[in-house]
file upload_25.txt (compact mmCIF, C-alpha atoms)
# COMPACT_ATOMS: atom_id res chain seq x y z
CA MET A 898 -8.23 164.06 173.48
CA LYS A 899 -4.95 163.97 175.33
CA LYS A 900 -2.02 161.84 174.22
CA ILE A 901 0.74 160.78 176.57
CA PHE A 902 4.12 159.42 175.54
CA LYS A 903 5.55 157.27 178.32
CA HIS A 904 8.95 155.79 179.13
CA ILE A 905 10.73 158.00 176.61
CA LYS A 906 14.37 156.97 176.73
CA GLU A 907 15.41 160.60 176.32
CA LEU A 908 13.35 163.72 175.69
CA ILE A 909 15.61 166.04 173.69
CA GLN A 910 15.75 169.84 173.37
CA VAL A 911 13.84 170.70 176.53
CA ARG A 912 13.74 174.49 176.85
CA PRO A 913 11.99 176.96 179.12
CA GLU A 914 9.63 179.47 177.56
CA GLY A 915 11.21 182.54 176.01
CA VAL A 916 14.32 180.93 174.52
CA ARG A 917 14.56 182.43 171.03
CA TYR A 918 17.79 180.88 169.73
CA ILE A 919 21.07 179.38 170.94
CA ALA A 920 24.47 180.95 170.22
CA GLY A 921 28.18 180.45 170.75
CA GLU A 922 29.32 178.03 173.43
CA ALA A 923 25.71 177.39 174.47
CA MET A 924 25.16 175.58 171.18
CA ALA A 925 27.13 172.67 172.63
CA GLU A 926 24.47 172.26 175.33
CA LEU A 927 21.37 170.22 174.56
CA PRO A 928 19.04 169.89 177.57
CA THR A 929 17.31 166.52 177.87
CA ILE A 930 15.29 164.45 180.31
CA LYS A 931 15.96 160.73 180.53
CA ASP A 932 13.14 158.25 181.19
CA ALA A 933 10.56 160.91 180.50
CA PHE A 934 6.90 161.46 179.73
CA LEU A 935 5.29 164.00 177.38
CA ILE A 936 1.63 165.04 177.28
CA VAL A 937 -0.04 166.54 174.22
CA GLU A 938 -3.49 168.11 174.10
CA SER A 939 -5.19 169.95 171.24
CA GLY A 940 -2.00 169.73 169.20
CA ARG A 941 0.15 171.43 171.84
CA ILE A 942 2.70 170.31 174.41
CA VAL A 943 1.03 170.71 177.80
CA ASP A 944 3.36 168.86 180.17
CA PHE A 945 6.51 166.76 180.40
CA GLY A 946 9.04 165.56 182.92
CA PRO A 947 10.68 162.47 184.42
CA MET A 948 8.56 159.32 184.53
CA GLN A 949 8.60 159.36 188.31
CA ASP A 950 6.42 162.48 188.09
CA CYS A 951 4.11 161.15 185.37
CA PRO A 952 0.46 161.79 186.28
CA THR A 953 -2.29 159.19 185.99
CA LEU A 954 -4.73 160.29 183.32
CA GLU A 955 -8.03 158.64 182.44
CA GLY A 956 -9.23 158.44 178.84
CA THR A 957 -5.84 159.33 177.41
CA GLU A 958 -4.16 157.71 174.40
CA VAL A 959 -0.88 156.18 175.55
CA VAL A 960 2.19 155.80 173.33
CA ASP A 961 4.82 153.51 174.82
CA ALA A 962 8.20 154.99 173.77
CA THR A 963 10.37 152.52 175.62
CA GLY A 964 13.88 152.58 174.14
CA GLN A 965 12.97 155.46 171.84
CA MET A 966 13.71 159.17 171.93
CA ILE A 967 11.62 162.23 171.16
CA LEU A 968 12.87 165.54 169.80
CA PRO A 969 11.18 168.48 168.10
CA ALA A 970 10.64 168.07 164.38
CA TRP A 971 13.21 169.69 162.11
CA CYS A 972 12.74 173.34 161.19
CA ASP A 973 13.86 173.94 157.60
CA SER A 974 14.20 177.70 157.11
CA HIS A 975 15.42 177.82 153.49
CA THR A 976 13.77 175.88 150.65
CA HIS A 977 12.61 176.28 147.07
CA ILE A 978 10.14 173.38 147.17
CA VAL A 979 7.81 174.97 144.63
CA TYR A 980 9.50 174.34 141.30
CA ALA A 981 8.79 172.60 137.99
CA GLY A 982 10.44 169.45 136.69
CA ASN A 983 14.08 168.78 137.51
CA ARG A 984 17.59 169.36 136.19
CA GLU A 985 19.28 165.98 136.26
CA GLY A 986 20.94 166.76 132.92
CA GLU A 987 22.94 169.52 134.59
CA PHE A 988 23.94 167.03 137.28
CA VAL A 989 25.63 164.97 134.56
CA ASP A 990 27.21 168.14 133.09
CA ARG A 991 28.83 168.87 136.45
CA ILE A 992 30.13 165.32 136.70
CA LYS A 993 31.76 165.87 133.31
CA GLY A 994 33.51 168.98 134.59
CA MET A 995 31.27 171.97 133.91
CA SER A 996 31.00 174.55 136.68
CA TYR A 997 27.77 175.99 138.07
CA ALA A 998 28.60 179.29 136.35
CA GLU A 999 29.31 177.60 132.99
CA ILE A 1000 26.03 175.75 133.12
CA ALA A 1001 24.20 179.00 133.84
CA GLU A 1002 26.02 180.73 130.99
CA LYS A 1003 24.73 178.20 128.44
CA GLY A 1004 21.12 178.68 129.55
CA GLY A 1005 20.99 176.19 132.37
CA GLY A 1006 20.66 176.86 136.06
CA ILE A 1007 17.90 179.09 137.38
CA LEU A 1008 16.87 180.18 133.88
CA ASN A 1009 16.27 176.54 132.95
CA SER A 1010 13.97 176.05 135.93
CA ALA A 1011 12.21 179.34 135.21
CA ALA A 1012 11.37 178.30 131.65
CA LYS A 1013 9.85 175.04 132.89
CA LEU A 1014 7.87 176.78 135.60
CA GLN A 1015 6.53 179.47 133.28
CA ALA A 1016 5.14 176.76 130.99
CA LEU A 1017 3.46 174.80 133.78
CA ASP A 1018 -0.12 175.42 134.87
CA GLU A 1019 -0.77 176.32 138.48
CA ASP A 1020 -2.60 173.14 139.46
CA THR A 1021 0.18 170.90 138.13
CA LEU A 1022 2.78 173.03 139.92
CA TYR A 1023 0.79 172.63 143.12
CA GLU A 1024 0.61 168.86 142.71
CA GLN A 1025 4.36 168.54 142.14
CA SER A 1026 5.09 170.75 145.14
CA ARG A 1027 2.58 168.97 147.38
CA VAL A 1028 4.36 165.66 146.83
CA ARG A 1029 7.70 167.21 147.85
CA LEU A 1030 6.18 168.78 150.96
CA GLU A 1031 4.68 165.49 152.09
CA GLU A 1032 7.99 163.73 151.52
CA VAL A 1033 9.94 166.14 153.73
CA MET A 1034 7.30 165.91 156.43
CA GLN A 1035 7.75 162.13 156.48
CA LEU A 1036 11.49 162.78 156.87
CA GLY A 1037 10.84 164.73 160.07
CA THR A 1038 10.39 168.32 158.94
CA GLY A 1039 7.75 170.05 161.04
CA ALA A 1040 8.11 173.65 159.82
CA VAL A 1041 9.35 175.01 156.51
CA GLU A 1042 10.01 178.21 154.59
CA ILE A 1043 9.35 178.21 150.83
CA LYS A 1044 10.61 180.82 148.36
CA SER A 1045 9.48 181.96 144.96
CA GLY A 1046 12.24 183.05 142.56
CA TYR A 1047 11.99 180.43 139.82
CA GLY A 1048 9.33 182.39 137.97
CA LEU A 1049 11.25 185.47 136.79
CA THR A 1050 8.10 186.99 135.27
CA PRO A 1051 5.31 188.76 137.18
CA GLU A 1052 2.82 186.05 136.27
CA ALA A 1053 5.09 183.13 137.20
CA GLU A 1054 6.30 184.66 140.48
CA LEU A 1055 2.72 185.30 141.58
CA LYS A 1056 1.79 181.76 140.48
CA MET A 1057 4.52 180.34 142.71
CA LEU A 1058 3.40 182.40 145.68
CA ARG A 1059 -0.22 181.38 145.18
CA VAL A 1060 0.87 177.74 145.23
CA ILE A 1061 2.72 178.36 148.51
CA LYS A 1062 -0.43 179.94 149.92
CA ARG A 1063 -2.45 176.87 148.90
CA LEU A 1064 0.07 174.66 150.68
CA GLN A 1065 -0.25 176.84 153.77
CA SER A 1066 -4.02 176.37 153.65
CA ASP A 1067 -4.01 172.63 152.93
CA TYR A 1068 -1.33 171.46 155.40
CA THR A 1069 -1.11 171.81 159.16
CA ILE A 1070 2.63 172.42 159.49
CA PRO A 1071 3.78 176.05 159.69
CA ILE A 1072 4.85 177.24 156.23
CA LYS A 1073 6.47 180.64 155.73
CA ALA A 1074 6.43 182.29 152.29
CA THR A 1075 9.28 184.37 150.87
CA PHE A 1076 9.15 186.53 147.73
CA LEU A 1077 12.55 185.94 146.11
CA ALA A 1078 12.35 189.10 144.06
CA ALA A 1079 15.84 188.92 142.53
CA HIS A 1080 17.08 185.37 141.96
CA ALA A 1081 18.54 185.61 138.45
CA ILE A 1082 18.43 187.97 135.49
CA PRO A 1083 16.23 186.74 132.62
CA LYS A 1084 17.73 186.80 129.13
CA LYS A 1085 15.29 189.53 128.16
CA TYR A 1086 16.85 191.83 130.76
CA LYS A 1087 20.46 190.71 130.49
CA GLU A 1088 21.51 194.19 129.35
CA ASN A 1089 18.99 196.00 131.55
CA LYS A 1090 19.06 194.52 135.03
CA ALA A 1091 17.66 197.73 136.52
CA GLU A 1092 14.45 197.32 134.52
CA PHE A 1093 13.99 193.75 135.78
CA ILE A 1094 14.44 194.89 139.38
CA ARG A 1095 11.98 197.72 138.76
CA LEU A 1096 9.46 195.23 137.35
CA MET A 1097 9.72 192.99 140.42
CA LEU A 1098 9.62 195.82 142.96
CA GLU A 1099 7.11 198.18 141.38
CA GLU A 1100 4.73 195.78 139.66
CA VAL A 1101 4.98 192.46 141.52
CA LEU A 1102 5.82 193.46 145.09
CA PRO A 1103 2.66 195.59 145.58
CA GLN A 1104 0.52 192.63 144.50
CA VAL A 1105 2.42 190.28 146.82
CA ALA A 1106 1.72 192.61 149.72
CA GLU A 1107 -1.90 193.32 148.79
CA GLN A 1108 -2.73 189.62 148.44
CA GLY A 1109 -0.77 188.59 151.55
CA LEU A 1110 1.39 186.19 149.57
CA ALA A 1111 4.67 186.53 151.49
CA GLU A 1112 6.11 187.56 154.82
CA TYR A 1113 9.75 187.83 153.71
CA ILE A 1114 11.70 189.21 150.78
CA ASP A 1115 14.91 187.73 149.36
CA VAL A 1116 17.66 188.45 146.82
CA PHE A 1117 20.65 186.49 145.51
CA CYS A 1118 23.53 188.81 146.38
CA GLU A 1119 26.38 187.42 144.30
CA LYS A 1120 28.78 188.38 141.51
CA GLY A 1121 27.10 187.87 138.17
CA TYR A 1122 23.66 188.10 139.78
CA PHE A 1123 22.77 191.02 142.05
CA SER A 1124 25.13 193.55 143.65
CA VAL A 1125 25.09 194.88 147.18
CA GLU A 1126 23.42 198.00 145.83
CA ASP A 1127 20.74 195.88 144.17
CA THR A 1128 20.32 193.95 147.41
CA ILE A 1129 19.81 197.11 149.40
CA GLU A 1130 17.24 198.33 146.88
CA VAL A 1131 15.30 195.07 147.20
CA MET A 1132 15.44 195.04 151.01
CA GLU A 1133 14.33 198.67 151.28
CA ALA A 1134 11.46 198.10 148.87
CA GLY A 1135 10.35 195.07 150.85
CA ALA A 1136 10.46 197.04 154.09
CA ARG A 1137 8.07 199.63 152.64
CA TYR A 1138 5.54 196.83 152.24
CA GLY A 1139 6.24 195.15 155.56
CA LEU A 1140 8.35 192.29 154.20
CA LYS A 1141 11.40 191.43 156.28
CA PRO A 1142 14.65 190.40 154.50
CA LYS A 1143 15.97 186.82 154.41
CA ILE A 1144 18.78 186.89 151.86
CA HIS A 1145 21.19 184.70 149.88
CA VAL A 1146 24.77 185.88 150.50
CA ASN A 1147 28.37 184.69 150.20
CA GLN A 1148 27.74 181.47 148.29
CA PHE A 1149 30.63 181.91 145.88
CA THR A 1150 32.11 185.31 146.74
CA ALA A 1151 32.06 187.78 149.62
CA ILE A 1152 31.05 191.20 148.32
CA GLY A 1153 29.59 192.89 151.41
CA GLY A 1154 26.13 191.37 151.41
CA VAL A 1155 26.31 190.21 155.02
CA ALA A 1156 26.90 193.71 156.37
CA ALA A 1157 24.13 195.06 154.13
CA GLY A 1158 21.74 192.41 155.41
CA VAL A 1159 22.58 193.16 159.03
CA ALA A 1160 22.18 196.90 158.46
CA HIS A 1161 18.69 196.27 157.11
CA LYS A 1162 17.77 193.94 159.97
CA ALA A 1163 17.61 190.77 157.89
CA LEU A 1164 16.15 187.89 159.84
CA SER A 1165 18.75 185.60 158.28
CA VAL A 1166 21.73 185.57 155.95
CA ASP A 1167 21.91 182.23 154.14
CA HIS A 1168 24.71 180.22 152.49
CA LEU A 1169 27.93 181.83 153.84
CA GLU A 1170 30.18 179.26 152.23
CA VAL A 1171 32.70 182.08 151.68
CA LEU A 1172 33.06 184.07 154.88
CA LEU A 1173 35.47 186.86 155.75
CA GLN A 1174 36.38 188.07 159.22
CA GLU A 1175 34.59 191.31 158.45
CA ASP A 1176 31.39 189.34 157.82
CA ILE A 1177 31.71 187.66 161.20
CA GLU A 1178 32.30 191.03 162.86
CA ALA A 1179 29.22 192.45 161.12
CA LEU A 1180 27.07 189.66 162.60
CA LYS A 1181 28.22 190.10 166.20
CA GLY A 1182 25.68 191.68 168.50
CA THR A 1183 22.86 191.46 165.97
CA GLU A 1184 19.55 189.61 165.69
CA THR A 1185 20.43 188.18 162.26
CA MET A 1186 20.74 184.39 162.05
CA PRO A 1187 23.55 182.85 159.95
CA VAL A 1188 22.10 179.89 158.03
CA ALA A 1189 24.29 177.13 156.61
CA LEU A 1190 23.17 174.87 153.75
CA PRO A 1191 25.59 171.92 153.86
CA SER A 1192 23.78 169.67 151.39
CA CYS A 1193 24.23 172.41 148.77
CA SER A 1194 27.99 172.35 149.42
CA TYR A 1195 27.91 168.57 149.17
CA PHE A 1196 26.05 168.55 145.87
CA LEU A 1197 28.05 171.32 144.20
CA SER A 1198 31.42 170.35 145.72
CA ILE A 1199 31.97 173.86 147.04
CA PRO A 1200 33.29 174.87 150.49
CA TYR A 1201 31.16 174.36 153.58
CA THR A 1202 30.03 177.23 155.79
CA PRO A 1203 32.71 177.66 158.51
CA ALA A 1204 30.40 176.89 161.42
CA ARG A 1205 33.25 176.49 163.88
CA GLU A 1206 34.39 180.07 163.23
CA LEU A 1207 30.87 181.40 163.68
CA ILE A 1208 30.32 179.51 166.92
CA ALA A 1209 33.76 180.50 168.25
CA ALA A 1210 32.80 184.12 167.63
CA GLY A 1211 29.79 183.67 169.92
CA LEU A 1212 27.31 183.55 167.07
CA PRO A 1213 24.39 181.22 166.41
CA VAL A 1214 24.08 178.92 163.39
CA ALA A 1215 20.98 177.45 161.79
CA LEU A 1216 20.86 174.56 159.33
CA ALA A 1217 18.53 174.25 156.34
CA THR A 1218 18.29 172.18 153.17
CA ASP A 1219 18.10 174.74 150.32
CA TYR A 1220 15.86 172.14 148.62
CA ASN A 1221 15.81 173.13 144.94
CA PRO A 1222 16.17 171.48 141.51
CA GLY A 1223 19.64 172.77 140.68
CA SER A 1224 21.98 172.79 143.65
CA THR A 1225 20.20 170.70 146.30
CA PRO A 1226 17.56 168.31 144.98
CA SER A 1227 16.88 166.97 148.47
CA GLY A 1228 14.82 168.15 151.41
CA ASN A 1229 16.24 165.61 153.85
CA MET A 1230 17.09 167.45 157.06
CA ASN A 1231 18.51 164.24 158.54
CA PHE A 1232 21.22 164.31 155.88
CA VAL A 1233 21.80 168.02 156.56
CA VAL A 1234 22.37 167.34 160.26
CA SER A 1235 24.72 164.48 159.47
CA THR A 1236 26.67 166.50 156.91
CA ALA A 1237 27.02 169.40 159.34
CA CYS A 1238 28.66 167.03 161.80
CA ILE A 1239 30.81 165.17 159.27
CA LYS A 1240 31.94 168.05 157.06
CA MET A 1241 31.49 171.17 159.19
CA LYS A 1242 32.70 169.57 162.43
CA MET A 1243 29.63 170.54 164.38
CA THR A 1244 28.87 168.33 167.36
CA PRO A 1245 25.54 166.47 167.45
CA GLU A 1246 24.34 168.93 170.09
CA GLU A 1247 25.24 171.93 167.94
CA ALA A 1248 23.69 170.43 164.83
CA ILE A 1249 20.43 169.54 166.57
CA ASN A 1250 20.20 173.04 168.06
CA ALA A 1251 20.88 174.48 164.61
CA ALA A 1252 18.21 172.34 162.94
CA THR A 1253 15.48 172.91 165.54
CA ILE A 1254 15.30 176.06 167.69
CA ASN A 1255 17.69 178.12 165.53
CA GLY A 1256 15.96 177.02 162.35
CA ALA A 1257 12.65 178.04 163.88
CA TYR A 1258 14.06 181.48 164.70
CA ALA A 1259 15.37 181.88 161.14
CA MET A 1260 11.77 181.90 159.88
CA GLY A 1261 10.09 183.69 162.78
CA LEU A 1262 8.61 180.56 164.35
CA GLU A 1263 10.60 180.29 167.58
CA GLN A 1264 7.45 180.77 169.68
CA GLU A 1265 5.66 177.95 167.86
CA VAL A 1266 8.12 175.13 167.20
CA GLY A 1267 11.75 174.06 167.58
CA SER A 1268 11.88 172.90 171.19
CA ILE A 1269 10.09 170.85 173.82
CA THR A 1270 8.37 173.75 175.53
CA LYS A 1271 4.92 173.99 177.11
CA GLY A 1272 2.52 175.69 174.75
CA LYS A 1273 4.45 174.96 171.57
CA ARG A 1274 3.07 172.80 168.79
CA ALA A 1275 3.55 169.07 169.27
CA ASN A 1276 5.54 168.69 166.06
CA LEU A 1277 7.71 165.77 167.07
CA ILE A 1278 10.07 163.07 165.88
CA LEU A 1279 9.86 159.69 167.62
CA THR A 1280 13.08 157.84 166.86
CA LYS A 1281 13.62 154.15 166.48
CA PRO A 1282 15.28 152.50 169.49
CA ILE A 1283 18.78 154.06 169.51
CA ASN A 1284 21.72 154.20 171.89
CA SER A 1285 22.00 157.99 171.97
CA TYR A 1286 20.96 161.03 169.95
CA GLY A 1287 24.44 160.96 168.46
CA VAL A 1288 23.19 158.08 166.31
CA LEU A 1289 21.03 160.54 164.34
CA PRO A 1290 23.98 162.24 162.57
CA TYR A 1291 26.23 159.17 162.83
CA SER A 1292 23.83 156.95 160.89
CA PHE A 1293 23.79 159.28 157.89
CA GLY A 1294 22.42 156.82 155.34
CA ASN A 1295 20.00 154.94 157.55
CA PRO A 1296 16.84 156.73 158.71
CA GLN A 1297 16.36 156.52 162.46
CA ILE A 1298 12.82 157.95 162.54
CA ASP A 1299 10.00 155.66 163.64
CA ARG A 1300 7.14 158.14 163.53
CA VAL A 1301 6.52 161.86 162.91
CA TYR A 1302 3.77 163.81 164.66
CA ILE A 1303 2.39 167.13 163.44
CA ASN A 1304 0.24 168.94 166.01
CA GLY A 1305 0.26 165.69 167.96
CA VAL A 1306 -1.18 163.66 165.07
CA GLU A 1307 0.87 160.84 163.57
CA LEU A 1308 1.56 161.22 159.86
call {"tool": "encode", "arguments": {"input": "upload_25.txt", "output": "structure tokens"}}
result
Amino acid sequence: MKKIFKHIKELIQVRPEGVRYIAGEAMAELPTIKDAFLIVESGRIVDFGPMQDCPTLEGTEVVDATGQMILPAWCDSHTHIVYAGNREGEFVDRIKGMSYAEIAEKGGGILNSAAKLQALDEDTLYEQSRVRLEEVMQLGTGAVEIKSGYGLTPEAELKMLRVIKRLQSDYTIPIKATFLAAHAIPKKYKENKAEFIRLMLEEVLPQVAEQGLAEYIDVFCEKGYFSVEDTIEVMEAGARYGLKPKIHVNQFTAIGGVAAGVAHKALSVDHLEVLLQEDIEALKGTETMPVALPSCSYFLSIPYTPARELIAAGLPVALATDYNPGSTPSGNMNFVVSTACIKMKMTPEEAINAATINGAYAMGLEQEVGSITKGKRANLILTKPINSYGVLPYSFGNPQIDRVYINGVEL
């Protein structure tokens, strides 16, 4: 059955077919149609335009969107939704003055989450993760990437990836899976990092590929974690099994990970809170998407990704949540968009582009979601009555979403 949205105050992010991502000055442009209609059939966008051109359709469900706006659902290209328990105790430690590194040194951080996940059975892990996924969908997320990396043993990493695969099967939003092969070094391998990397790449990676558990491979390229050389080893191993890189780089230090990612055709380089001019130069003229995670900066009180510098250099920027138990215990893309505007000085147009079409590109979904385009999935946000789309980031603590549609079906 067809569904038609009528009298849409403004239809946002209207793009012709073939637009993969938006970069540089073009990020300040957000095409819209005022007083619009939108037709959905079989879960896809089939037509749209100004109300004066709205066709008369018999037997069609009509949604009156008077005073309301429609935009594509958020595309969250970097999450760790599958995890066990939480780490609110470390939150208090940080308030009392401990750094992220100090918490990790005393057995907290990723190792804390790994211990909890290793002890949890797969069904319980699935149930915890399912609740988080449904929550972010209600907050307007219509496509998401989920990483492993909190397992740190072959059994636990594969358990995480199987849970992601179950989510892919049980939910209708696009979910991309990433094998985070090198997230942290377990205590057992503290003096033998090379053996841990070997374990992940020679024993786990072949099973990931054989069972079709991931499309991407990831590594935390950072001092105290994994070097550029380690990162290259992980990316090259992934490539041999058909897994494309999406990597963590430049969160606390710049050690050359961006250039390494670009050289190995990484789909995205994520974090970038510390960015050198040489990193920006390495990204120019490439197909690699810089991904900023502003709610992580907010939560950890670390610098924000310099989006203005990236955009001024003619580059694209995507926004994602980094939803995880340690540094971003929130999957709220609305807050991410607001924070990008407030703290990173992105305009509403730039932030919406970054959180929709560019986010879709950063997980290989630009042909499926991220814009109002004929043939794409009808994964949509219907706002409350608002003055302009600028209200979305402006009203950072007050949700402005009335309804969310996935494949044209209201949640």
call {"tool": "residues_around", "arguments": {"input": "upload_25.txt", "residues": "Ala1259 in chain A", "least_positions_apart": "4", "cutoff": "12 Å", "atoms": "all atoms listed in the file", "output": "MDAnalysis selection string"}}
result
chainID A and resid 917:919 972:975 1040:1042 1073 1113 1141:1144 1163:1167 1184:1189 1213:1217 1251:1255 1263:1264 1266:1267
call {"tool": "residues_around", "arguments": {"input": "upload_25.txt", "residues": "Val979 in chain A", "least_positions_apart": "4", "cutoff": "12 Å", "atoms": "all atoms listed in the file", "output": "JSON, numbers by chain"}}
result
{"A": [983, 1010, 1011, 1013, 1014, 1017, 1019, 1020, 1021, 1022, 1023, 1024, 1025, 1026, 1027, 1028, 1029, 1030, 1041, 1042, 1043, 1044, 1045, 1046, 1047, 1048, 1053, 1054, 1055, 1056, 1057, 1058, 1059, 1060, 1061, 1062, 1063, 1064, 1074, 1075, 1219, 1220, 1221, 1222, 1226, 1228]}
call {"tool": "atom_distance", "arguments": {"input": "upload_25.txt", "atom1": "CA of Ala1237 in chain A", "atom2": "CA of Ile1000 in chain A"}}
result
27.0 Å
call {"tool": "atom_distance", "arguments": {"input": "upload_25.txt", "atom1": "CA of Gln949 in chain A", "atom2": "CA of Pro1282 in chain A"}}
result
21.1 Å
call {"tool": "atom_distance", "arguments": {"input": "upload_25.txt", "atom1": "CA of Asp990 in chain A", "atom2": "CA of Val1234 in chain A"}}
result
27.6 Å
call {"tool": "closest_residue", "arguments": {"input": "upload_25.txt", "among": "A:Met995, A:Val1125, A:Ala1248, A:Cys1118", "to": "Leu1289 in chain A", "atoms": "all atoms listed in the file"}}
result
A:Ala1248
